[in-house]
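File shown: start.csv. Contents: CSV, C-alpha atoms.
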```csv
chain,number,residue,atom,x,y,z
A,15,MET,CA,-69.4,121.4,-110.4
A,16,HIS,CA,-70.3,118.6,-107.8
A,17,ASP,CA,-73.0,117.0,-110.0
A,18,ALA,CA,-71.3,113.9,-111.3
A,19,SER,CA,-74.3,113.2,-113.5
A,20,LEU,CA,-73.4,116.1,-115.7
A,21,PRO,CA,-71.0,115.9,-118.7
A,22,LEU,CA,-67.5,116.7,-117.8
A,23,ARG,CA,-67.2,119.5,-120.3
A,24,ARG,CA,-70.2,121.2,-118.8
A,25,ARG,CA,-68.7,120.9,-115.3
A,26,HIS,CA,-65.5,122.3,-116.6
A,27,SER,CA,-67.4,125.2,-118.1
A,28,ALA,CA,-69.0,125.7,-114.7
A,29,LEU,CA,-65.5,126.0,-113.2
A,30,ARG,CA,-64.8,128.8,-115.6
A,31,THR,CA,-67.9,130.6,-114.5
A,32,CYS,CA,-66.8,130.3,-110.9
A,33,ILE,CA,-63.4,131.8,-111.7
A,34,THR,CA,-65.1,134.8,-113.5
A,35,LEU,CA,-66.8,135.6,-110.2
A,36,PHE,CA,-63.7,135.1,-107.9
A,37,ALA,CA,-60.1,135.0,-109.2
A,38,PRO,CA,-57.5,136.1,-106.7
A,39,TYR,CA,-54.7,135.8,-109.3
A,40,GLY,CA,-56.8,137.1,-112.2
A,41,PHE,CA,-58.8,134.8,-114.4
A,42,ARG,CA,-56.0,133.2,-116.5
A,43,ALA,CA,-53.5,132.9,-113.7
A,44,THR,CA,-56.1,131.5,-111.2
A,45,TYR,CA,-57.2,128.9,-113.7
A,46,HIS,CA,-53.6,127.9,-114.4
A,47,HIS,CA,-53.0,127.7,-110.7
A,48,LEU,CA,-55.9,125.4,-110.2
A,49,THR,CA,-54.9,123.1,-113.0
A,50,LEU,CA,-51.6,122.5,-111.1
A,51,SER,CA,-52.9,122.5,-107.5
A,52,ALA,CA,-55.9,120.2,-108.3
A,53,ALA,CA,-53.9,118.2,-110.8
A,54,ILE,CA,-56.5,118.7,-113.6
A,55,PRO,CA,-55.3,116.3,-116.4
A,56,ARG,CA,-55.4,117.2,-120.0
A,57,ARG,CA,-58.1,114.5,-120.5
A,58,LEU,CA,-60.8,115.3,-117.9
A,59,GLU,CA,-62.0,111.7,-118.1
A,60,ALA,CA,-58.7,110.6,-116.5
A,61,ASP,CA,-59.6,112.2,-113.2
A,62,PRO,CA,-63.1,113.7,-112.9
A,63,ASP,CA,-62.6,114.4,-109.2
A,64,ALA,CA,-59.9,117.0,-110.1
A,65,LEU,CA,-62.7,119.5,-111.0
A,66,VAL,CA,-64.1,119.0,-107.5
A,67,ARG,CA,-60.7,119.6,-105.9
A,68,ALA,CA,-60.3,122.8,-108.0
A,69,VAL,CA,-63.7,124.3,-107.1
A,70,GLU,CA,-63.3,123.4,-103.4
A,71,GLU,CA,-60.0,125.3,-103.2
A,72,LEU,CA,-61.6,128.2,-104.9
A,73,TYR,CA,-64.6,128.1,-102.6
A,74,GLU,CA,-62.4,127.9,-99.5
A,75,ALA,CA,-60.6,131.1,-100.5
A,76,ARG,CA,-63.8,132.8,-101.4
A,77,VAL,CA,-65.3,132.2,-98.0
A,78,LEU,CA,-62.3,133.9,-96.4
A,79,TRP,CA,-62.6,136.8,-98.7
A,80,LEU,CA,-66.3,137.2,-98.1
A,81,GLU,CA,-65.8,137.3,-94.4
A,82,ARG,CA,-63.2,140.0,-94.6
A,83,ALA,CA,-65.1,142.0,-97.2
A,84,GLU,CA,-68.2,142.0,-95.0
A,85,GLU,CA,-66.0,143.3,-92.1
A,86,TYR,CA,-64.7,146.0,-94.4
A,87,VAL,CA,-68.2,147.1,-95.5
A,88,ALA,CA,-69.2,147.4,-91.8
A,89,GLN,CA,-66.0,149.3,-91.0
A,90,ARG,CA,-66.6,151.8,-93.9
A,91,ARG,CA,-70.2,152.4,-92.8
A,92,ALA,CA,-69.0,153.2,-89.3
A,93,GLU,CA,-66.3,155.5,-90.7
A,94,LYS,CA,-68.8,157.4,-92.9
A,95,ARG,CA,-71.2,157.9,-89.9
A,96,VAL,CA,-68.5,159.9,-88.2
A,97,GLY,CA,-67.5,161.8,-91.3
A,98,ARG,CA,-64.5,159.8,-92.6
A,99,ARG,CA,-65.5,159.3,-96.2
A,100,ALA,CA,-62.1,159.0,-97.8
A,101,VAL,CA,-60.8,155.5,-98.3
A,102,ALA,CA,-57.7,154.8,-96.3
A,103,ASN,CA,-54.6,153.5,-98.0
A,104,PRO,CA,-53.8,150.8,-98.9
A,105,ARG,CA,-57.1,150.0,-100.5
A,106,PRO,CA,-58.3,146.5,-99.9
A,107,TRP,CA,-56.6,144.1,-102.3
A,108,TRP,CA,-59.9,143.1,-103.9
A,109,LEU,CA,-60.8,146.7,-104.7
A,110,ARG,CA,-57.9,147.5,-107.0
A,111,ILE,CA,-59.6,149.4,-109.8
A,112,ARG,CA,-57.0,149.2,-112.6
A,113,TRP,CA,-55.1,145.9,-112.6
A,114,TRP,CA,-52.4,147.3,-114.9
A,115,ASP,CA,-51.4,149.8,-112.2
A,116,GLY,CA,-51.3,147.2,-109.5
A,117,PRO,CA,-48.2,145.3,-108.2
A,118,ASP,CA,-49.8,142.1,-109.5
A,119,ARG,CA,-50.1,143.2,-113.1
A,120,ALA,CA,-47.7,140.6,-114.4
A,121,TRP,CA,-50.2,137.8,-113.6
A,122,TYR,CA,-52.6,139.1,-116.2
A,123,GLU,CA,-49.9,139.1,-119.0
A,124,ASP,CA,-47.9,136.1,-117.8
A,125,PRO,CA,-50.3,133.8,-116.1
A,126,PHE,CA,-47.5,131.4,-115.2
A,127,ARG,CA,-45.9,133.8,-112.7
A,128,HIS,CA,-48.6,133.8,-110.1
A,129,PRO,CA,-47.8,132.7,-106.5
A,130,SER,CA,-47.6,129.0,-105.8
A,131,LEU,CA,-49.6,129.5,-102.6
A,132,ARG,CA,-52.9,127.8,-102.1
A,133,LEU,CA,-55.6,130.4,-102.8
A,134,SER,CA,-56.8,130.4,-99.2
A,135,GLU,CA,-53.2,131.1,-98.0
A,136,TYR,CA,-52.9,134.0,-100.4
A,137,VAL,CA,-56.2,135.5,-99.2
A,138,ARG,CA,-55.2,135.0,-95.6
A,139,ARG,CA,-51.9,136.8,-96.4
A,140,GLN,CA,-53.6,139.7,-98.1
A,141,ASN,CA,-56.1,140.1,-95.3
A,142,ALA,CA,-53.3,140.1,-92.7
A,143,ILE,CA,-51.5,142.8,-94.6
A,144,LEU,CA,-54.7,144.8,-94.8
A,145,ASP,CA,-55.1,144.5,-91.1
A,146,GLY,CA,-51.6,145.9,-90.5
A,147,ALA,CA,-49.4,142.8,-90.3
A,148,ASP,CA,-45.8,143.3,-91.3
A,149,LEU,CA,-45.1,140.0,-93.0
A,150,PRO,CA,-41.7,139.0,-94.2
A,151,GLY,CA,-40.8,138.6,-97.8
A,152,CYS,CA,-42.9,139.4,-100.9
A,153,PRO,CA,-46.3,140.7,-100.0
A,154,ALA,CA,-47.9,138.3,-102.4
A,155,CYS,CA,-46.1,135.0,-102.0
A,156,GLY,CA,-43.7,135.4,-99.1
A,157,ASP,CA,-40.6,134.8,-101.1
A,158,GLU,CA,-37.6,136.3,-99.2
A,159,GLY,CA,-35.0,136.1,-102.0
A,160,PRO,CA,-33.6,139.1,-103.8
A,161,LEU,CA,-35.7,140.9,-106.3
A,162,GLU,CA,-35.3,140.4,-110.1
A,163,PRO,CA,-34.4,143.4,-112.2
A,164,HIS,CA,-36.8,143.9,-115.2
A,165,SER,CA,-36.2,146.4,-118.0
A,166,THR,CA,-39.2,148.6,-119.0
A,167,GLY,CA,-37.3,149.9,-122.1
A,168,HIS,CA,-36.1,153.1,-120.5
A,169,ALA,CA,-35.8,152.2,-116.8
A,170,TRP,CA,-35.6,149.3,-114.5
A,171,VAL,CA,-38.1,147.9,-112.0
A,172,GLU,CA,-37.6,145.0,-109.6
A,173,LEU,CA,-40.0,142.1,-109.5
A,174,CYS,CA,-40.4,139.2,-107.0
A,175,ARG,CA,-38.5,136.2,-108.4
A,176,GLY,CA,-41.2,133.9,-107.1
A,177,CYS,CA,-44.3,135.6,-108.6
A,178,ALA,CA,-43.3,138.8,-110.5
A,179,TRP,CA,-45.0,141.0,-107.9
A,180,ALA,CA,-43.8,144.6,-108.5
A,181,PRO,CA,-43.4,146.4,-105.2
A,182,VAL,CA,-42.4,149.7,-106.9
A,183,THR,CA,-43.8,151.0,-110.2
A,184,CYS,CA,-41.7,152.4,-113.1
A,185,PRO,CA,-40.5,155.9,-112.3
A,186,CYS,CA,-42.4,157.3,-115.4
A,187,GLY,CA,-45.7,156.1,-113.8
A,188,GLN,CA,-46.8,154.5,-117.1
A,189,ARG,CA,-48.0,150.9,-117.7
A,190,HIS,CA,-45.4,148.6,-119.2
A,191,ARG,CA,-46.1,145.2,-120.6
A,192,ILE,CA,-44.6,142.2,-119.0
A,193,VAL,CA,-43.5,139.8,-121.7
A,194,PRO,CA,-44.2,136.2,-120.7
A,195,ASP,CA,-41.2,134.0,-120.2
A,196,ILE,CA,-43.1,131.2,-121.9
A,197,PRO,CA,-44.9,132.1,-125.2
A,198,TYR,CA,-48.5,130.8,-124.9
A,199,GLY,CA,-51.9,130.9,-126.4
A,200,TRP,CA,-54.9,131.1,-124.1
A,201,ASN,CA,-56.6,128.1,-125.8
A,202,GLU,CA,-53.5,126.0,-124.9
A,203,ILE,CA,-53.9,126.9,-121.2
A,204,TRP,CA,-57.7,126.4,-121.3
A,205,GLN,CA,-57.2,122.9,-122.9
A,206,ARG,CA,-54.4,122.2,-120.4
A,207,ALA,CA,-51.8,121.5,-123.0
A,208,HIS,CA,-49.3,122.1,-120.1
A,209,MET,CA,-50.7,119.1,-118.3
A,210,SER,CA,-50.4,115.3,-118.9
A,211,ASP,CA,-53.1,112.7,-118.5
A,212,ASP,CA,-51.8,111.8,-115.1
A,213,GLY,CA,-52.3,115.3,-113.7
A,214,MET,CA,-48.7,116.1,-113.7
A,215,PRO,CA,-47.1,119.0,-115.7
A,216,ASN,CA,-46.4,118.1,-119.3
A,217,PRO,CA,-42.6,117.9,-119.6
A,218,HIS,CA,-42.8,118.4,-123.3
A,219,TRP,CA,-44.8,121.6,-123.2
A,220,PRO,CA,-44.5,124.1,-124.8
A,221,ALA,CA,-42.1,122.3,-127.2
A,222,GLY,CA,-44.7,119.8,-128.2
```

Target encoding structure tokens, full file:
Amino acid sequence: MHDASLPLRRRHSALRTCITLFAPYGFRATYHHLTLSAAIPRRLEADPDALVRAVEELYEARVLWLERAEEYVAQRRAEKRVGRRAVANPRPWWLRIRWWDGPDRAWYEDPFRHPSLRLSEYVRRQNAILDGADLPGCPACGDEGPLEPHSTGHAWVELCRGCAWAPVTCPCGQRHRIVPDIPYGWNEIWQRAHMSDDGMPNPHWPAG
């Protein structure tokens, strides 16, 4: 990613590999977030340094996660030594097994609804909640506005207006698809059709 002698397309592919290894908002939403926060233009040649900004933000958040994950591993080892083998709730945010059952499931189906927080801020927030902090607003993004009602077809759930976090699941306990507000194709996001050459959001997307 930092090797300016490599072709830009290869460095961009390296960013994809980094996100597959660490993606706080899920792969697609994390990539979309980085295109905005690092201002990655549609034409990479217009601002090659944008890739560096993106991977540095990702790295900053990953360091915070690794520190907390190592603490958690040490904590669990100590608990097991005294016979406490059951995992306490809530589980660490990075150990959610089935994303479709999680409160952040909307980010996988609608990658535009992720928090606007810098990734490191999101990780700090999740770590603080894991440590028992009672933070105001949405657990994911901190939005303190009223929740947004969302129909599941037979019931209603409430989502954060800022990031579509779902604090309460549907009463039926089943997975329900979140229909994206903006119809999209993954290739469009990957090729940054939503960005302009100056690194700003494309005002004509998705219309054209």

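Reported to one decimal place, the separation of atom CA of Ala154 of chain A from atom CA of Arg105 of chain A is 15.0 Å.
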
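In this structure, atom CA of Ile33 of chain A sits 7.1 Å away from atom CA of Tyr45 of chain A.
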
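A straight line drawn from atom CA of Asn201 of chain A to atom CA of Thr49 of chain A is 13.8 Å long.
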
(message) I want to know what sits within 9 Å of Gly213 of chain A, based on only C-alpha atoms, with residues of the same chain fewer than 5 positions away left out; could you give that as a ChimeraX atom specification?
(response) /A:49-50,52-57,60-61,64

Which residues of segment 102-191 of chain A come within 12 Å of segment 87-93 of chain A, and what is each one's closest atom pair and distance in Å (one decimal), counting all atoms listed in the file, sorted by chain and residue number, as JSON lines?
```
{"residue": "A:Ala102", "atom": "CA", "partner": "A:Arg90", "partner_atom": "CA", "distance": 9.7}
{"residue": "A:Arg105", "atom": "CA", "partner": "A:Arg90", "partner_atom": "CA", "distance": 11.7}
{"residue": "A:Pro106", "atom": "CA", "partner": "A:Val87", "partner_atom": "CA", "distance": 10.9}
{"residue": "A:Leu109", "atom": "CA", "partner": "A:Val87", "partner_atom": "CA", "distance": 11.8}
{"residue": "A:Asp145", "atom": "CA", "partner": "A:Gln89", "partner_atom": "CA", "distance": 11.9}
```

(request) Just the residues within 12 Å of Ser27 of chain A, please, counting all atoms listed in the file, with nothing from its chain fewer than 6 positions along; format it as a PyMOL selection string. (result) chain A and resi 15+20-21+33-34+45+58+65+69+204-205

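Using all atoms listed in the file, the smallest distance between any of A:Asp195, A:Ala18, A:Pro117, A:Asn216 and Glu172 of chain A comes from A:Pro117.
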
(request) Go through A:Ala43, A:Ala178, A:Tyr86, A:Ala120 one by one, measure the shortest atom-to-atom distance of each to Trp200 of chain A using only C-alpha atoms, and give the residue with the smallest value. (result) A:Ala43

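Remark: for His26 of chain A, the closest of the candidate residues A:Ser51, A:Cys174, A:Arg206, A:His164 is A:Arg206 (distances computed over all atoms listed in the file).
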
(message) Let me make sure I understand: among A:Arg98, A:Arg119, A:Arg138, A:Arg30, which one has the smallest atom-to-atom distance to Glu81 of chain A if we use all atoms listed in the file?
(response) A:Arg138

(message) I'd like to know which of A:Ala83, A:Cys186, A:Val193, A:Ala75 is closest to Phe126 of chain A, using only C-alpha atoms.
(response) A:Val193

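Omitting Glu162 of chain A and its sequence neighbours fewer than 3 positions away, and counting only C-alpha atoms, the residues within 10 Å are Gly159, Ser165, Trp170, Val171, Glu172, Leu173, Cys174, Arg175, Gly176, Ala178, Trp179 and Ala180 of chain A.
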